[in-house]
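Trainee: What follows is model19.tsv, made up of TSV, C-alpha atoms:
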```tsv
chain	number	residue	atom	x	y	z
H	1	MET	CA	64.72	-12.79	-6.68
H	2	ARG	CA	66.90	-11.75	-9.61
H	3	PHE	CA	63.98	-12.35	-11.97
H	4	ILE	CA	61.75	-10.02	-9.96
H	5	ILE	CA	64.38	-7.26	-10.00
H	6	TRP	CA	64.84	-7.53	-13.78
H	7	THR	CA	61.09	-7.54	-14.36
H	8	LEU	CA	60.68	-4.51	-12.15
H	9	MET	CA	63.50	-2.63	-13.94
H	10	LEU	CA	62.10	-3.41	-17.39
H	11	SER	CA	58.59	-2.34	-16.40
H	12	MET	CA	59.98	0.94	-15.05
H	13	LEU	CA	61.84	1.60	-18.31
H	14	THR	CA	58.76	1.03	-20.44
H	15	ALA	CA	56.56	3.06	-18.11
H	16	CYS	CA	58.74	6.16	-18.36
H	17	GLY	CA	58.44	6.34	-22.17
H	18	TRP	CA	61.94	5.07	-22.86
H	19	HIS	CA	62.57	4.05	-26.48
H	20	LEU	CA	65.53	2.64	-28.32
H	21	ARG	CA	67.61	5.36	-29.91
H	22	GLY	CA	66.41	6.03	-33.43
H	23	VAL	CA	62.78	5.15	-32.78
H	24	THR	CA	60.76	8.25	-33.56
H	25	PRO	CA	57.06	7.36	-33.68
H	26	LEU	CA	55.29	9.72	-36.06
H	27	PRO	CA	51.65	10.82	-35.76
H	28	LYS	CA	49.24	8.35	-37.39
H	29	GLU	CA	48.23	10.78	-40.12
H	30	TYR	CA	51.83	10.82	-41.40
H	31	ARG	CA	52.38	7.06	-41.38
H	32	VAL	CA	51.79	7.05	-45.17
H	33	LEU	CA	53.97	9.56	-47.04
H	34	PHE	CA	55.19	10.38	-50.49
H	35	LEU	CA	58.84	11.44	-50.38
H	36	GLN	CA	59.97	14.06	-52.89
H	37	SER	CA	63.63	14.75	-52.24
H	38	GLN	CA	66.46	16.63	-53.89
H	39	ALA	CA	68.85	16.25	-50.96
H	40	GLY	CA	71.22	13.75	-52.50
H	41	ASN	CA	71.55	10.00	-52.71
H	42	SER	CA	73.27	9.28	-49.37
H	43	PHE	CA	70.94	11.59	-47.43
H	44	ASP	CA	67.89	10.12	-49.16
H	45	GLN	CA	68.99	6.58	-48.28
H	46	GLN	CA	69.40	7.49	-44.61
H	47	LEU	CA	66.04	9.28	-44.56
H	48	ILE	CA	64.23	6.37	-46.23
H	49	LEU	CA	65.79	3.91	-43.79
H	50	GLN	CA	64.74	6.06	-40.81
H	51	LEU	CA	61.19	6.47	-42.15
H	52	GLU	CA	60.81	2.74	-42.79
H	53	PHE	CA	62.35	1.92	-39.40
H	54	ASN	CA	59.63	4.07	-37.83
H	55	ASP	CA	56.82	2.20	-39.66
H	56	VAL	CA	56.19	4.83	-42.33
H	57	LEU	CA	54.85	3.51	-45.62
H	58	LEU	CA	56.39	5.37	-48.58
H	59	THR	CA	54.15	5.43	-51.64
H	60	GLN	CA	55.21	5.44	-55.27
H	61	THR	CA	52.94	8.35	-56.25
H	62	ALA	CA	51.73	11.47	-54.48
H	63	ALA	CA	48.10	10.58	-55.22
H	64	ASP	CA	48.35	7.52	-52.95
H	65	ALA	CA	49.46	9.42	-49.85
H	66	PRO	CA	47.63	11.85	-47.54
H	67	ALA	CA	50.86	13.79	-47.01
H	68	ILE	CA	53.94	14.71	-49.02
H	69	LEU	CA	57.39	15.31	-47.58
H	70	GLN	CA	59.38	17.63	-49.85
H	71	VAL	CA	63.08	17.82	-49.01
H	72	ASN	CA	65.33	20.39	-50.66
H	73	LYS	CA	69.04	20.01	-51.26
H	74	VAL	CA	71.30	19.84	-48.21
H	75	GLU	CA	73.48	22.93	-48.13
H	76	ILE	CA	76.87	22.74	-46.44
H	77	ASP	CA	79.06	25.80	-45.91
H	78	LYS	CA	82.69	25.73	-44.85
H	79	ARG	CA	83.87	28.66	-42.70
H	80	THR	CA	87.34	29.45	-41.46
H	81	LEU	CA	87.57	29.76	-37.67
H	82	SER	CA	91.26	30.32	-37.10
H	83	VAL	CA	94.46	30.81	-39.07
H	84	SER	CA	97.95	29.78	-37.98
H	85	SER	CA	100.90	32.18	-37.80
H	86	SER	CA	102.04	30.95	-41.23
H	87	GLY	CA	98.72	31.99	-42.78
H	88	ARG	CA	97.24	28.49	-43.16
H	89	ILE	CA	93.80	27.50	-41.96
H	90	SER	CA	94.15	25.66	-38.67
H	91	GLU	CA	90.48	25.25	-37.78
H	92	TYR	CA	87.25	25.48	-39.70
H	93	GLU	CA	83.56	24.88	-39.24
H	94	LEU	CA	81.03	22.98	-41.34
H	95	ASN	CA	77.49	24.36	-41.24
H	96	GLY	CA	74.75	22.22	-42.75
H	97	SER	CA	71.15	23.27	-43.30
H	98	LEU	CA	68.13	21.53	-44.72
H	99	ASP	CA	64.78	22.96	-45.77
H	100	ALA	CA	61.77	20.70	-46.05
H	101	ARG	CA	57.99	20.96	-46.21
H	102	LEU	CA	55.37	18.54	-44.95
H	103	ILE	CA	52.27	19.03	-47.07
H	104	HIS	CA	48.94	17.76	-45.77
H	105	ILE	CA	46.86	17.28	-48.91
H	106	GLU	CA	43.40	16.92	-47.33
H	107	ARG	CA	43.74	20.10	-45.26
H	108	ASN	CA	45.53	21.95	-48.08
H	109	SER	CA	48.19	23.09	-45.61
H	110	GLU	CA	51.92	22.82	-45.15
H	111	LEU	CA	54.48	22.80	-42.39
H	112	PRO	CA	57.82	24.40	-43.29
H	113	ILE	CA	60.74	22.68	-41.57
H	114	GLN	CA	64.30	23.92	-41.30
H	115	VAL	CA	67.03	21.98	-39.50
H	116	LYS	CA	70.67	22.86	-38.99
H	117	SER	CA	73.81	21.07	-37.89
H	118	ARG	CA	77.33	22.25	-37.12
H	119	ARG	CA	80.70	20.53	-36.89
H	120	ARG	CA	84.13	21.92	-35.99
H	121	LEU	CA	87.31	20.48	-37.56
H	122	THR	CA	91.00	20.94	-36.96
H	123	ASN	CA	93.10	21.21	-40.10
H	124	ASP	CA	96.36	19.30	-39.62
H	125	ILE	CA	98.71	20.65	-42.31
H	126	ASN	CA	101.10	17.74	-41.71
H	127	ASN	CA	98.41	15.11	-42.35
H	128	VAL	CA	96.35	16.26	-45.33
H	129	GLY	CA	94.95	12.78	-46.02
H	130	GLY	CA	93.79	12.35	-42.44
H	131	THR	CA	92.16	15.76	-42.45
H	132	ALA	CA	90.31	14.94	-45.68
H	133	ASN	CA	89.12	11.63	-44.23
H	134	GLU	CA	87.98	13.34	-41.04
H	135	GLU	CA	86.04	15.89	-43.08
H	136	ALA	CA	84.30	13.09	-45.02
H	137	VAL	CA	83.38	11.37	-41.74
H	138	GLN	CA	82.06	14.62	-40.30
H	139	LEU	CA	79.96	15.26	-43.42
H	140	LYS	CA	78.36	11.80	-43.04
H	141	GLU	CA	77.72	12.45	-39.35
H	142	MET	CA	76.19	15.82	-40.23
H	143	GLU	CA	73.79	14.14	-42.66
H	144	LYS	CA	72.78	11.63	-39.98
H	145	ASP	CA	72.24	14.48	-37.53
H	146	LEU	CA	70.06	16.35	-40.05
H	147	VAL	CA	67.97	13.20	-40.61
H	148	ARG	CA	67.49	12.72	-36.84
H	149	LYS	CA	66.47	16.36	-36.41
H	150	LEU	CA	64.06	16.14	-39.35
H	151	MET	CA	62.50	13.01	-37.84
H	152	ARG	CA	62.04	14.78	-34.48
H	153	ARG	CA	60.35	17.70	-36.22
H	154	LEU	CA	58.03	15.29	-38.04
H	155	GLN	CA	57.27	13.56	-34.74
H	156	ASN	CA	56.28	16.87	-33.16
H	157	ALA	CA	54.24	18.11	-36.13
H	158	GLN	CA	51.12	19.63	-34.61
H	159	ALA	CA	48.00	20.34	-36.65
H	160	ASP	CA	47.90	23.98	-35.50
H	161	ALA	CA	51.46	24.62	-36.77
H	162	PHE	CA	50.46	24.07	-40.39
H	163	ILE	CA	50.03	27.04	-42.70
H	164	ALA	CA	47.22	27.13	-45.25
H	165	ILE	CA	48.41	26.90	-48.83
H	166	PRO	CA	46.93	29.80	-50.82
H	167	ALA	CA	44.67	28.68	-53.65
H	168	ALA	CA	45.98	29.33	-57.13
H	169	LYS	CA	44.38	32.35	-58.73
H	170	PRO	CA	42.38	31.43	-61.82
H	171	THR	CA	43.62	33.07	-64.98
H	172	SER	CA	41.01	34.39	-67.31
H	173	VAL	CA	41.49	34.06	-71.00
H	174	GLN	CA	39.57	36.53	-73.09
H	175	ALA	CA	38.74	35.73	-76.64
H	176	GLN	CA	39.87	38.23	-79.25
H	177	PRO	CA	37.11	39.35	-81.71
```
Please lay out the structure from this file as structure tokens.
Mentor:
Amino acid sequence: MRFIIWTLMLSMLTACGWHLRGVTPLPKEYRVLFLQSQAGNSFDQQLILQLEFNDVLLTQTAADAPAILQVNKVEIDKRTLSVSSSGRISEYELNGSLDARLIHIERNSELPIQVKSRRRLTNDINNVGGTANEEAVQLKEMEKDLVRKLMRRLQNAQADAFIAIPAAKPTSVQAQP
């Protein structure tokens, strides 16, 4: 009886589209990618791990891939939210943003992607070391969040959302007599 209940529960979970957290199946046309990133070493490592975990083959050259994922540098801004009566920052906010482009070579089109993440931190003036450690942890979590959001955007990349890349205008060179 117990076996039947477990079998029934597992079949219901798989039937509803449930996946393990972190599994983001990408469309088949983006299963082979060339990654061109300027985001930073720790972000790139997390992104590569997520792509490989989701069965994406990363090529060594752009010529070997039907699509290119260009990732710009992760930008993180720190903004003061509140100040204590003594004039010290008591709370601040970290805002992270990432710009990327998915370029489909065969269609000569691109999909601009922008993802954002936000974290709020309390600044404990009596525990400077703890506050610095908490900020470092929050920055890592923000990078993970940006990677997850980027993967979701790649998963939902629709062919009609791509923008045609304008052809380069030929330059004419006139010979001087």
Trainee: What is the atom CA of H:Arg107 to atom CA of H:Ile163 distance in Å?
Mentor: 9.7 Å
Trainee: List as a PyMOL selection string the protein and nucleic acid residues near stretch 87-96 of chain H, meaning an atom at most 9 Å away when all atoms listed in the file are counted, but skip any in the same chain fewer than 3 places from it.
Mentor: chain H and resi 74-84+115-125+135+138-139+142-143+146
Trainee: What's the separation between atom CA of H:Ile165 and atom CA of H:Arg153, in Å to one decimal place?
Mentor: 19.7 Å
Trainee: When you count all atoms listed in the file, which of these residues is closest to H:Leu154: H:Ser42, H:Ile68, H:Trp6, H:Ser37?
Mentor: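 Under the stated criterion, the closest residue is H:Ile68.
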Trainee: Just how far from atom CA of H:Val71 is atom CA of H:Glu52, in Å to one decimal?
Mentor: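 Atom CA of H:Glu52 sits 16.5 Å away from atom CA of H:Val71.
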Trainee: Which residues, written as a PDB file with C-alpha atoms, keeping the file's coordinate frame, have at least one atom at most 8 Å from stretch 53-65 of chain H, with only C-alpha atoms counted and residues fewer than 2 positions away on the same chain left out?
Mentor:
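As a result, part_38.pdb now contains:
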```
ATOM      1  CA  VAL H  23      62.780   5.150 -32.780  1.00  0.00           C
ATOM      2  CA  THR H  24      60.760   8.250 -33.560  1.00  0.00           C
ATOM      3  CA  PRO H  25      57.060   7.360 -33.680  1.00  0.00           C
ATOM      4  CA  LEU H  26      55.290   9.720 -36.060  1.00  0.00           C
ATOM      5  CA  TYR H  30      51.830  10.820 -41.400  1.00  0.00           C
ATOM      6  CA  ARG H  31      52.380   7.060 -41.380  1.00  0.00           C
ATOM      7  CA  VAL H  32      51.790   7.050 -45.170  1.00  0.00           C
ATOM      8  CA  LEU H  33      53.970   9.560 -47.040  1.00  0.00           C
ATOM      9  CA  PHE H  34      55.190  10.380 -50.490  1.00  0.00           C
ATOM     10  CA  LEU H  35      58.840  11.440 -50.380  1.00  0.00           C
ATOM     11  CA  LEU H  49      65.790   3.910 -43.790  1.00  0.00           C
ATOM     12  CA  GLN H  50      64.740   6.060 -40.810  1.00  0.00           C
ATOM     13  CA  LEU H  51      61.190   6.470 -42.150  1.00  0.00           C
ATOM     14  CA  ALA H  67      50.860  13.790 -47.010  1.00  0.00           C
ATOM     15  CA  ILE H  68      53.940  14.710 -49.020  1.00  0.00           C
TER      16      ILE H  68
END
```
Trainee: Would you mind telling me which residue in H:Asn41, H:Gln46, H:Asn133, H:Ser11 lies nearest to H:Arg148 when using all atoms listed in the file?
Mentor: H:Gln46
Trainee: Pick out the closest residue to H:Ile105 from this set: H:Glu29, H:Arg2, H:Asn156, H:Gln38. Count only C-alpha atoms.
Mentor: H:Glu29
Trainee: Taking only C-alpha atoms into account, name the residue in H:Leu102, H:Ala132, H:Met12, H:Ala157 that is nearest to H:Pro66.
Mentor: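 The closest residue to H:Pro66 is H:Leu102.
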Trainee: Hey, could you pull the box centre and edge lengths for stretch 89-100 of chain H, axis-aligned, 5 Å padding per side, all listed atoms, to one decimal in Å, as JSON?
Mentor:
```
{"center_x": 78.0, "center_y": 24.1, "center_z": -41.9, "size_x": 42.4, "size_y": 16.8, "size_z": 18.3}
```
Trainee: Which residue gives the smallest distance to H:Glu141 among H:Pro27, H:Glu106, H:Gln158, H:Phe43, with all atoms listed in the file counted?
Mentor: H:Phe43
Trainee: Hey, which of H:Gln114, H:Ser109, H:Lys144, H:Leu150 ends up closest to H:Ala164? Count all atoms listed in the file.
Mentor: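 Checking each of H:Gln114, H:Ser109, H:Lys144, H:Leu150 against H:Ala164, counting all atoms listed in the file, the winner is H:Ser109.
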